[in-house]
file target-v1.pdb (PDB, C-alpha atoms)
ATOM      1  CA  LYS A   1       8.019 -19.407  11.222
ATOM      2  CA  ALA A   2      11.574 -18.645  10.208
ATOM      3  CA  PRO A   3      12.082 -15.701   7.816
ATOM      4  CA  GLU A   4      13.622 -17.954   5.167
ATOM      5  CA  ASP A   5      10.344 -19.867   4.938
ATOM      6  CA  LEU A   6       8.360 -16.786   3.940
ATOM      7  CA  LYS A   7       8.852 -17.214   0.203
ATOM      8  CA  GLU A   8       6.922 -20.466   0.456
ATOM      9  CA  LYS A   9       4.212 -18.894   2.600
ATOM     10  CA  THR A  10       3.542 -15.718   0.618
ATOM     11  CA  GLN A  11       2.119 -14.907  -2.744
ATOM     12  CA  GLY A  12       1.342 -11.691  -4.610
ATOM     13  CA  VAL A  13      -2.349 -10.939  -5.101
ATOM     14  CA  GLY A  14      -2.258  -7.634  -6.992
ATOM     15  CA  GLY A  15       0.346  -5.664  -5.066
ATOM     16  CA  PHE A  16      -0.254  -2.295  -3.443
ATOM     17  CA  GLU A  17      -3.204  -1.596  -5.741
ATOM     18  CA  PHE A  18      -5.086  -4.654  -4.491
ATOM     19  CA  PHE A  19      -4.628  -3.681  -0.855
ATOM     20  CA  SER A  20      -5.633  -0.059  -1.422
ATOM     21  CA  SER A  21      -8.776  -1.243  -3.244
ATOM     22  CA  LEU A  22     -10.104  -3.207  -0.270
ATOM     23  CA  PRO A  23     -13.177  -1.442   1.190
ATOM     24  CA  LEU A  24     -11.746  -0.928   4.665
ATOM     25  CA  LYS A  25     -14.947   0.714   5.925
ATOM     26  CA  ASN A  26     -16.629  -2.701   5.705
ATOM     27  CA  GLY A  27     -14.108  -4.323   8.021
ATOM     28  CA  PHE A  28     -13.111  -3.895  11.662
ATOM     29  CA  THR A  29     -10.065  -1.663  12.140
ATOM     30  CA  TYR A  30      -7.806  -1.451  15.197
ATOM     31  CA  THR A  31      -4.817   0.882  15.528
ATOM     32  CA  TYR A  32      -1.844   0.186  17.774
ATOM     33  CA  GLY A  33       0.765   2.894  18.291
ATOM     34  CA  THR A  34       1.102   5.088  15.202
ATOM     35  CA  GLY A  35      -0.529   2.469  12.975
ATOM     36  CA  GLU A  36       2.032   3.029  10.223
ATOM     37  CA  ASN A  37       2.189  -0.687   9.338
ATOM     38  CA  HIS A  38      -1.171  -1.732   7.920
ATOM     39  CA  VAL A  39      -2.346  -5.317   7.425
ATOM     40  CA  ALA A  40      -5.660  -6.881   6.467
ATOM     41  CA  ILE A  41      -6.555 -10.164   8.149
ATOM     42  CA  PHE A  42      -9.283 -12.516   6.968
ATOM     43  CA  GLU A  43     -10.615 -14.256  10.065
ATOM     44  CA  ASP A  44     -13.145 -16.818  11.195
ATOM     45  CA  PRO A  45     -14.690 -15.906  14.583
ATOM     46  CA  ASP A  46     -14.519 -19.557  15.690
ATOM     47  CA  CYS A  47     -10.939 -20.115  14.461
ATOM     48  CA  PRO A  48      -8.625 -20.757  17.444
ATOM     49  CA  PHE A  49      -5.571 -19.581  15.492
ATOM     50  CA  CYS A  50      -7.354 -16.307  14.701
ATOM     51  CA  GLN A  51      -8.220 -15.863  18.358
ATOM     52  CA  ASP A  52      -4.610 -16.511  19.364
ATOM     53  CA  LEU A  53      -3.447 -14.000  16.736
ATOM     54  CA  HIS A  54      -5.697 -11.340  18.276
ATOM     55  CA  LYS A  55      -4.082 -11.904  21.655
ATOM     56  CA  MET A  56      -0.611 -11.657  20.133
ATOM     57  CA  LEU A  57      -1.481  -8.432  18.291
ATOM     58  CA  GLU A  58      -2.572  -6.900  21.585
ATOM     59  CA  GLN A  59       0.962  -7.629  22.807
ATOM     60  CA  ILE A  60       3.109  -6.708  19.780
ATOM     61  CA  GLY A  61       0.839  -4.164  18.087
ATOM     62  CA  PRO A  62       1.989  -1.079  20.031
ATOM     63  CA  GLU A  63       5.674  -1.926  19.587
ATOM     64  CA  LEU A  64       5.371  -2.558  15.840
ATOM     65  CA  ASN A  65       2.846   0.243  15.240
ATOM     66  CA  ILE A  66       0.349  -2.059  13.569
ATOM     67  CA  LYS A  67      -2.962  -1.047  12.053
ATOM     68  CA  VAL A  68      -5.188  -4.086  11.554
ATOM     69  CA  THR A  69      -8.308  -4.290   9.418
ATOM     70  CA  VAL A  70     -10.212  -7.543   9.931
ATOM     71  CA  PHE A  71     -12.510  -9.008   7.288
ATOM     72  CA  PRO A  72     -14.656 -12.041   8.150
ATOM     73  CA  PHE A  73     -14.085 -15.252   6.222
ATOM     74  CA  VAL A  74     -15.596 -18.420   7.650
ATOM     75  CA  MET A  75     -14.394 -21.988   7.247
ATOM     76  CA  GLU A  76     -17.971 -23.278   7.073
ATOM     77  CA  SER A  77     -17.109 -26.981   6.983
ATOM     78  CA  LEU A  78     -15.202 -26.624  10.267
ATOM     79  CA  HIS A  79     -17.346 -23.994  11.971
ATOM     80  CA  PRO A  80     -20.967 -24.284  10.791
ATOM     81  CA  ASN A  81     -22.304 -21.623  13.176
ATOM     82  CA  ALA A  82     -19.607 -19.020  12.555
ATOM     83  CA  LEU A  83     -21.349 -17.251   9.667
ATOM     84  CA  THR A  84     -24.336 -16.520  11.899
ATOM     85  CA  ARG A  85     -21.934 -15.177  14.517
ATOM     86  CA  VAL A  86     -20.464 -12.814  11.914
ATOM     87  CA  GLN A  87     -23.951 -11.470  11.219
ATOM     88  CA  HIS A  88     -24.520 -10.892  14.930
ATOM     89  CA  LEU A  89     -21.174  -9.138  15.282
ATOM     90  CA  TYR A  90     -21.899  -6.794  12.366
ATOM     91  CA  CYS A  91     -25.178  -5.892  14.091
ATOM     92  CA  ALA A  92     -23.637  -5.146  17.492
ATOM     93  CA  PRO A  93     -23.924  -1.529  18.725
ATOM     94  CA  ASP A  94     -20.155  -1.180  18.287
ATOM     95  CA  ALA A  95     -19.302  -3.867  15.754
ATOM     96  CA  THR A  96     -15.565  -3.195  15.749
ATOM     97  CA  GLN A  97     -15.260  -3.459  19.502
ATOM     98  CA  ALA A  98     -17.589  -6.462  19.584
ATOM     99  CA  TRP A  99     -15.388  -8.407  17.140
ATOM    100  CA  LYS A 100     -12.272  -7.874  19.240
ATOM    101  CA  ASN A 101     -14.152  -8.523  22.467
ATOM    102  CA  TRP A 102     -15.472 -11.828  21.149
ATOM    103  CA  MET A 103     -12.094 -13.019  19.850
ATOM    104  CA  LEU A 104     -10.322 -12.235  23.114
ATOM    105  CA  THR A 105     -13.172 -13.674  25.200
ATOM    106  CA  ALA A 106     -13.146 -16.919  23.215
ATOM    107  CA  GLN A 107      -9.358 -17.126  23.397
ATOM    108  CA  ALA A 108      -9.359 -16.642  27.161
ATOM    109  CA  ALA A 109     -12.086 -19.265  27.579
ATOM    110  CA  ARG A 110     -10.072 -21.755  25.533
ATOM    111  CA  GLU A 111      -7.040 -21.144  27.726
ATOM    112  CA  LYS A 112      -9.208 -22.143  30.684
ATOM    113  CA  GLY A 113     -10.125 -25.397  28.965
ATOM    114  CA  GLN A 114     -13.472 -24.407  27.466
ATOM    115  CA  LYS A 115     -13.559 -25.778  23.915
ATOM    116  CA  ASP A 116     -17.238 -25.489  22.975
ATOM    117  CA  MET A 117     -17.629 -22.239  20.985
ATOM    118  CA  ASP A 118     -21.430 -22.543  21.041
ATOM    119  CA  LYS A 119     -21.479 -22.525  24.851
ATOM    120  CA  ILE A 120     -19.035 -19.633  25.049
ATOM    121  CA  TRP A 121     -21.114 -17.694  22.510
ATOM    122  CA  ALA A 122     -24.364 -18.450  24.356
ATOM    123  CA  SER A 123     -23.057 -16.771  27.503
ATOM    124  CA  TRP A 124     -21.437 -13.827  25.678
ATOM    125  CA  SER A 125     -23.754 -12.829  22.833
ATOM    126  CA  PRO A 126     -27.004 -11.817  24.608
ATOM    127  CA  THR A 127     -25.277  -8.775  26.114
ATOM    128  CA  ASN A 128     -22.801  -7.968  23.349
ATOM    129  CA  ALA A 129     -24.356  -9.033  20.025
ATOM    130  CA  PRO A 130     -27.985 -10.030  20.575
ATOM    131  CA  ASN A 131     -29.387  -9.888  17.026
ATOM    132  CA  ASN A 132     -28.428 -10.489  13.392
ATOM    133  CA  THR A 133     -31.164  -8.659  11.494
ATOM    134  CA  CYS A 134     -29.518  -5.309  10.702
ATOM    135  CA  PRO A 135     -28.694  -4.163   7.122
ATOM    136  CA  GLN A 136     -24.967  -4.723   7.722
ATOM    137  CA  ALA A 137     -25.547  -8.445   8.287
ATOM    138  CA  VAL A 138     -25.430  -8.984   4.517
ATOM    139  CA  LEU A 139     -21.700  -8.193   4.619
ATOM    140  CA  ALA A 140     -21.090 -11.600   6.189
ATOM    141  CA  GLU A 141     -22.034 -13.372   2.957
ATOM    142  CA  THR A 142     -20.416 -10.671   0.809
ATOM    143  CA  TRP A 143     -17.015 -11.269   2.391
ATOM    144  CA  GLN A 144     -17.565 -15.016   2.254
ATOM    145  CA  MET A 145     -17.865 -14.826  -1.537
ATOM    146  CA  ALA A 146     -14.941 -12.404  -1.811
ATOM    147  CA  GLY A 147     -12.618 -14.629   0.201
ATOM    148  CA  ARG A 148     -13.388 -17.557  -2.092
ATOM    149  CA  GLN A 149     -12.746 -15.448  -5.204
ATOM    150  CA  PHE A 150      -9.463 -14.218  -3.768
ATOM    151  CA  GLY A 151      -8.484 -17.878  -3.500
ATOM    152  CA  TYR A 152      -8.077 -17.986   0.268
ATOM    153  CA  THR A 153      -8.325 -21.434   1.812
ATOM    154  CA  ALA A 154      -7.336 -20.937   5.455
ATOM    155  CA  THR A 155      -7.720 -18.600   8.379
ATOM    156  CA  PRO A 156      -6.173 -16.438   9.433
ATOM    157  CA  THR A 157      -5.017 -15.111   6.052
ATOM    158  CA  ILE A 158      -2.818 -12.045   6.506
ATOM    159  CA  VAL A 159      -2.483  -9.588   3.600
ATOM    160  CA  PHE A 160       0.270  -6.987   3.727
ATOM    161  CA  GLU A 161       0.206  -3.628   1.948
ATOM    162  CA  ASN A 162       2.328  -4.908  -0.933
ATOM    163  CA  GLY A 163      -0.139  -7.717  -1.627
ATOM    164  CA  ALA A 164       1.964 -10.443  -0.010
ATOM    165  CA  VAL A 165      -0.111 -13.101   1.734
ATOM    166  CA  VAL A 166       0.678 -15.298   4.720
ATOM    167  CA  GLU A 167      -1.852 -18.102   5.175
ATOM    168  CA  GLY A 168      -2.016 -19.288   8.745
ATOM    169  CA  SER A 169      -0.825 -17.385  11.767
ATOM    170  CA  ALA A 170       2.473 -15.499  11.997
ATOM    171  CA  ASP A 171       4.787 -14.594  14.833
ATOM    172  CA  LYS A 172       6.454 -11.279  15.673
ATOM    173  CA  GLN A 173       9.497 -12.068  13.520
ATOM    174  CA  VAL A 174       7.344 -12.608  10.439
ATOM    175  CA  PHE A 175       5.497  -9.330  10.941
ATOM    176  CA  GLN A 176       8.776  -7.460  11.414
ATOM    177  CA  GLN A 177      10.319  -8.876   8.251
ATOM    178  CA  MET A 178       7.239  -8.245   6.160
ATOM    179  CA  PHE A 179       6.917  -4.654   7.388
ATOM    180  CA  GLU A 180      10.574  -4.065   6.522
ATOM    181  CA  GLU A 181       9.982  -5.429   3.024
ATOM    182  CA  VAL A 182       6.902  -3.258   2.546
ATOM    183  CA  ALA A 183       8.800  -0.157   3.712
ATOM    184  CA  LYS A 184      11.613  -0.961   1.279
ATOM    185  CA  GLN A 185       9.190  -1.333  -1.618
ATOM    186  CA  LYS A 186       7.410   1.907  -0.694
ATOM    187  CA  ALA A 187      10.731   3.750  -0.727
ATOM    188  CA  GLU A 188      11.594   2.297  -4.133
ATOM    189  CA  ARG A 189       8.222   3.356  -5.531
ATOM    190  CA  ALA A 190       8.584   6.858  -4.086
ATOM    191  CA  ALA A 191      12.000   7.187  -5.740
ATOM    192  CA  GLN A 192      10.400   6.568  -9.139
ATOM    193  CA  PRO A 193       7.447   8.995  -9.204
ATOM    194  CA  GLY A 194       7.011   8.651 -12.950
ATOM    195  CA  ALA A 195       6.822   4.853 -12.946
ATOM    196  CA  PRO A 196       3.418   3.287 -13.655
ATOM    197  CA  GLY A 197       1.622   1.898 -10.619
ATOM    198  CA  GLU A 198       0.554  -1.685 -10.155
ATOM    199  CA  THR A 199      -3.019  -2.495 -11.023
ATOM    200  CA  VAL A 200      -5.408  -5.357 -10.513
ATOM    201  CA  SER A 201      -6.060  -6.885 -13.945
ATOM    202  CA  PRO A 202      -9.652  -5.983 -14.960
ATOM    203  CA  GLY A 203     -10.597  -9.543 -15.889
ATOM    204  CA  SER A 204      -9.059 -11.239 -12.865
ATOM    205  CA  ALA A 205     -10.999 -12.967 -10.103
ATOM    206  CA  ASN A 206      -9.630 -10.390  -7.666
ATOM    207  CA  ALA A 207     -10.965  -7.542  -9.806
ATOM    208  CA  GLU A 208     -14.407  -9.147 -10.031
ATOM    209  CA  ALA A 209     -14.491  -9.682  -6.256
ATOM    210  CA  LEU A 210     -13.428  -6.092  -5.570
ATOM    211  CA  LYS A 211     -16.106  -4.805  -7.933
ATOM    212  CA  ALA A 212     -18.747  -6.820  -6.093
ATOM    213  CA  LEU A 213     -17.612  -5.369  -2.777
ATOM    214  CA  GLU A 214     -18.250  -1.856  -4.087
ATOM    215  CA  ASN A 215     -21.971  -2.560  -4.457
TER     216      ASN A 215
END
call {"tool": "encode", "arguments": {"input": "target-v1.pdb", "output": "structure tokens"}}
result
Amino acid sequence: KAPEDLKEKTQGVGGFEFFSSLPLKNGFTYTYGTGENHVAIFEDPDCPFCQDLHKMLEQIGPELNIKVTVFPFVMESLHPNALTRVQHLYCAPDATQAWKNWMLTAQAAREKGQKDMDKIWASWSPTNAPNNTCPQAVLAETWQMAGRQFGYTATPTIVFENGAVVEGSADKQVFQQMFEEVAKQKAERAAQPGAPGETVSPGSANAEALKALEN
């Protein structure tokens, strides 16, 4: 996507305060390089665009010093078995590694012409994510409800530290421009230490969703 198209692809969802309020411990976090540029990505484990994005982040992450926190958000009408997969992935011995492993495995299988996610999962999950009965499995439905309340309608949905949102995948140029904008805004905020910070309105849908995630 060309940089000039970003204004049509992004929207504010509560600014820096919204991003800092996300319970990162309930997601899957990967750090490339110094990790100074943080993004949250809402993903569906069966989404081919999400899988392709994972592969791209493996390539550009170290250069752009990206820290990625993934939160599951399933397009149930398109991928009816994906929510169960999320539960399995949360219950894996190393859930964070299992999520990345699955996304890259599925992406590689698709590149070889394998399109059936159920078949790919059937060969991968017994060793890597064999059950879905752990306490953390409830987070699958928790994030499902949160994504709806945030108003997200597509995956991947990329949220930058300043609250800007890109729905659908993004290329290296988009990430670079957005990180530059975030850095600029951080510098402006730091230059005005007495200025009030941005907040998520208490009665907003985002605030209600964030409150639910705390429980």
call {"tool": "residues_around", "arguments": {"input": "target-v1.pdb", "residues": "Glu180 of chain A", "least_positions_apart": "6", "cutoff": "12 Å", "atoms": "only C-alpha atoms", "output": "JSON, numbers by chain"}}
result
{"A": [3, 36, 37, 64, 160, 161, 162, 173, 174, 186, 187]}
call {"tool": "resolve_selection", "arguments": {"input": "target-v1.pdb", "expression": "the PyMOL selection byres ((chain A and resi 41-58) around 9)", "output": "tab-separated table (two decimals) with C-alpha atoms, keeping the file's coordinate frame"}}
result
chain	number	residue	atom	x	y	z
A	32	TYR	CA	-1.84	0.19	17.77
A	39	VAL	CA	-2.35	-5.32	7.42
A	40	ALA	CA	-5.66	-6.88	6.47
A	59	GLN	CA	0.96	-7.63	22.81
A	60	ILE	CA	3.11	-6.71	19.78
A	61	GLY	CA	0.84	-4.16	18.09
A	62	PRO	CA	1.99	-1.08	20.03
A	66	ILE	CA	0.35	-2.06	13.57
A	68	VAL	CA	-5.19	-4.09	11.55
A	69	THR	CA	-8.31	-4.29	9.42
A	70	VAL	CA	-10.21	-7.54	9.93
A	71	PHE	CA	-12.51	-9.01	7.29
A	72	PRO	CA	-14.66	-12.04	8.15
A	73	PHE	CA	-14.08	-15.25	6.22
A	74	VAL	CA	-15.60	-18.42	7.65
A	75	MET	CA	-14.39	-21.99	7.25
A	78	LEU	CA	-15.20	-26.62	10.27
A	79	HIS	CA	-17.35	-23.99	11.97
A	81	ASN	CA	-22.30	-21.62	13.18
A	82	ALA	CA	-19.61	-19.02	12.56
A	83	LEU	CA	-21.35	-17.25	9.67
A	85	ARG	CA	-21.93	-15.18	14.52
A	86	VAL	CA	-20.46	-12.81	11.91
A	99	TRP	CA	-15.39	-8.41	17.14
A	100	LYS	CA	-12.27	-7.87	19.24
A	102	TRP	CA	-15.47	-11.83	21.15
A	103	MET	CA	-12.09	-13.02	19.85
A	104	LEU	CA	-10.32	-12.24	23.11
A	105	THR	CA	-13.17	-13.67	25.20
A	106	ALA	CA	-13.15	-16.92	23.22
A	107	GLN	CA	-9.36	-17.13	23.40
A	108	ALA	CA	-9.36	-16.64	27.16
A	110	ARG	CA	-10.07	-21.76	25.53
A	117	MET	CA	-17.63	-22.24	20.98
A	147	GLY	CA	-12.62	-14.63	0.20
A	152	TYR	CA	-8.08	-17.99	0.27
A	154	ALA	CA	-7.34	-20.94	5.46
A	155	THR	CA	-7.72	-18.60	8.38
A	156	PRO	CA	-6.17	-16.44	9.43
A	157	THR	CA	-5.02	-15.11	6.05
A	158	ILE	CA	-2.82	-12.04	6.51
A	159	VAL	CA	-2.48	-9.59	3.60
A	160	PHE	CA	0.27	-6.99	3.73
A	168	GLY	CA	-2.02	-19.29	8.74
A	169	SER	CA	-0.82	-17.39	11.77
A	170	ALA	CA	2.47	-15.50	12.00
A	171	ASP	CA	4.79	-14.59	14.83
A	172	LYS	CA	6.45	-11.28	15.67
call {"tool": "atom_distance", "arguments": {"input": "target-v1.pdb", "atom1": "atom CA of Ala183 of chain A", "atom2": "atom CA of Lys25 of chain A"}}
result
23.9 Å
call {"tool": "atom_distance", "arguments": {"input": "target-v1.pdb", "atom1": "atom CA of Phe179 of chain A", "atom2": "atom CA of Leu24 of chain A"}}
result
19.2 Å
call {"tool": "residues_around", "arguments": {"input": "target-v1.pdb", "residues": "Cys134 of chain A", "least_positions_apart": "2", "cutoff": "8 Å", "atoms": "all atoms listed in the file", "output": "PyMOL selection string"}}
result
chain A and resi 90-91+131-132+136-137
call {"tool": "write_last_selection", "arguments": {"input": "target-v1.pdb", "atoms": "C-alpha atoms", "output": "PDB file, in the frame of the given file"}}
result
ATOM      1  CA  TYR A  90     -21.899  -6.794  12.366  1.00  0.00           C
ATOM      2  CA  CYS A  91     -25.178  -5.892  14.091  1.00  0.00           C
ATOM      3  CA  ASN A 131     -29.387  -9.888  17.026  1.00  0.00           C
ATOM      4  CA  ASN A 132     -28.428 -10.489  13.392  1.00  0.00           C
ATOM      5  CA  GLN A 136     -24.967  -4.723   7.722  1.00  0.00           C
ATOM      6  CA  ALA A 137     -25.547  -8.445   8.287  1.00  0.00           C
TER       7      ALA A 137
END
call {"tool": "atom_distance", "arguments": {"input": "target-v1.pdb", "atom1": "atom CA of Gly151 of chain A", "atom2": "atom CA of Pro80 of chain A"}}
result
20.0 Å
call {"tool": "axis_aligned_box", "arguments": {"input": "target-v1.pdb", "around": "segment 14-24 of chain A", "padding_each_side": "4 Å", "output": "AutoDock Vina command-line options"}}
result
--center_x -6.4 --center_y -3.8 --center_z -1.2 --size_x 21.5 --size_y 15.6 --size_z 19.7
call {"tool": "closest_residue", "arguments": {"input": "target-v1.pdb", "among": "A:Glu141, A:Gln149, A:Val182, A:Gln177", "to": "Gly163 of chain A", "atoms": "only C-alpha atoms"}}
result
A:Val182
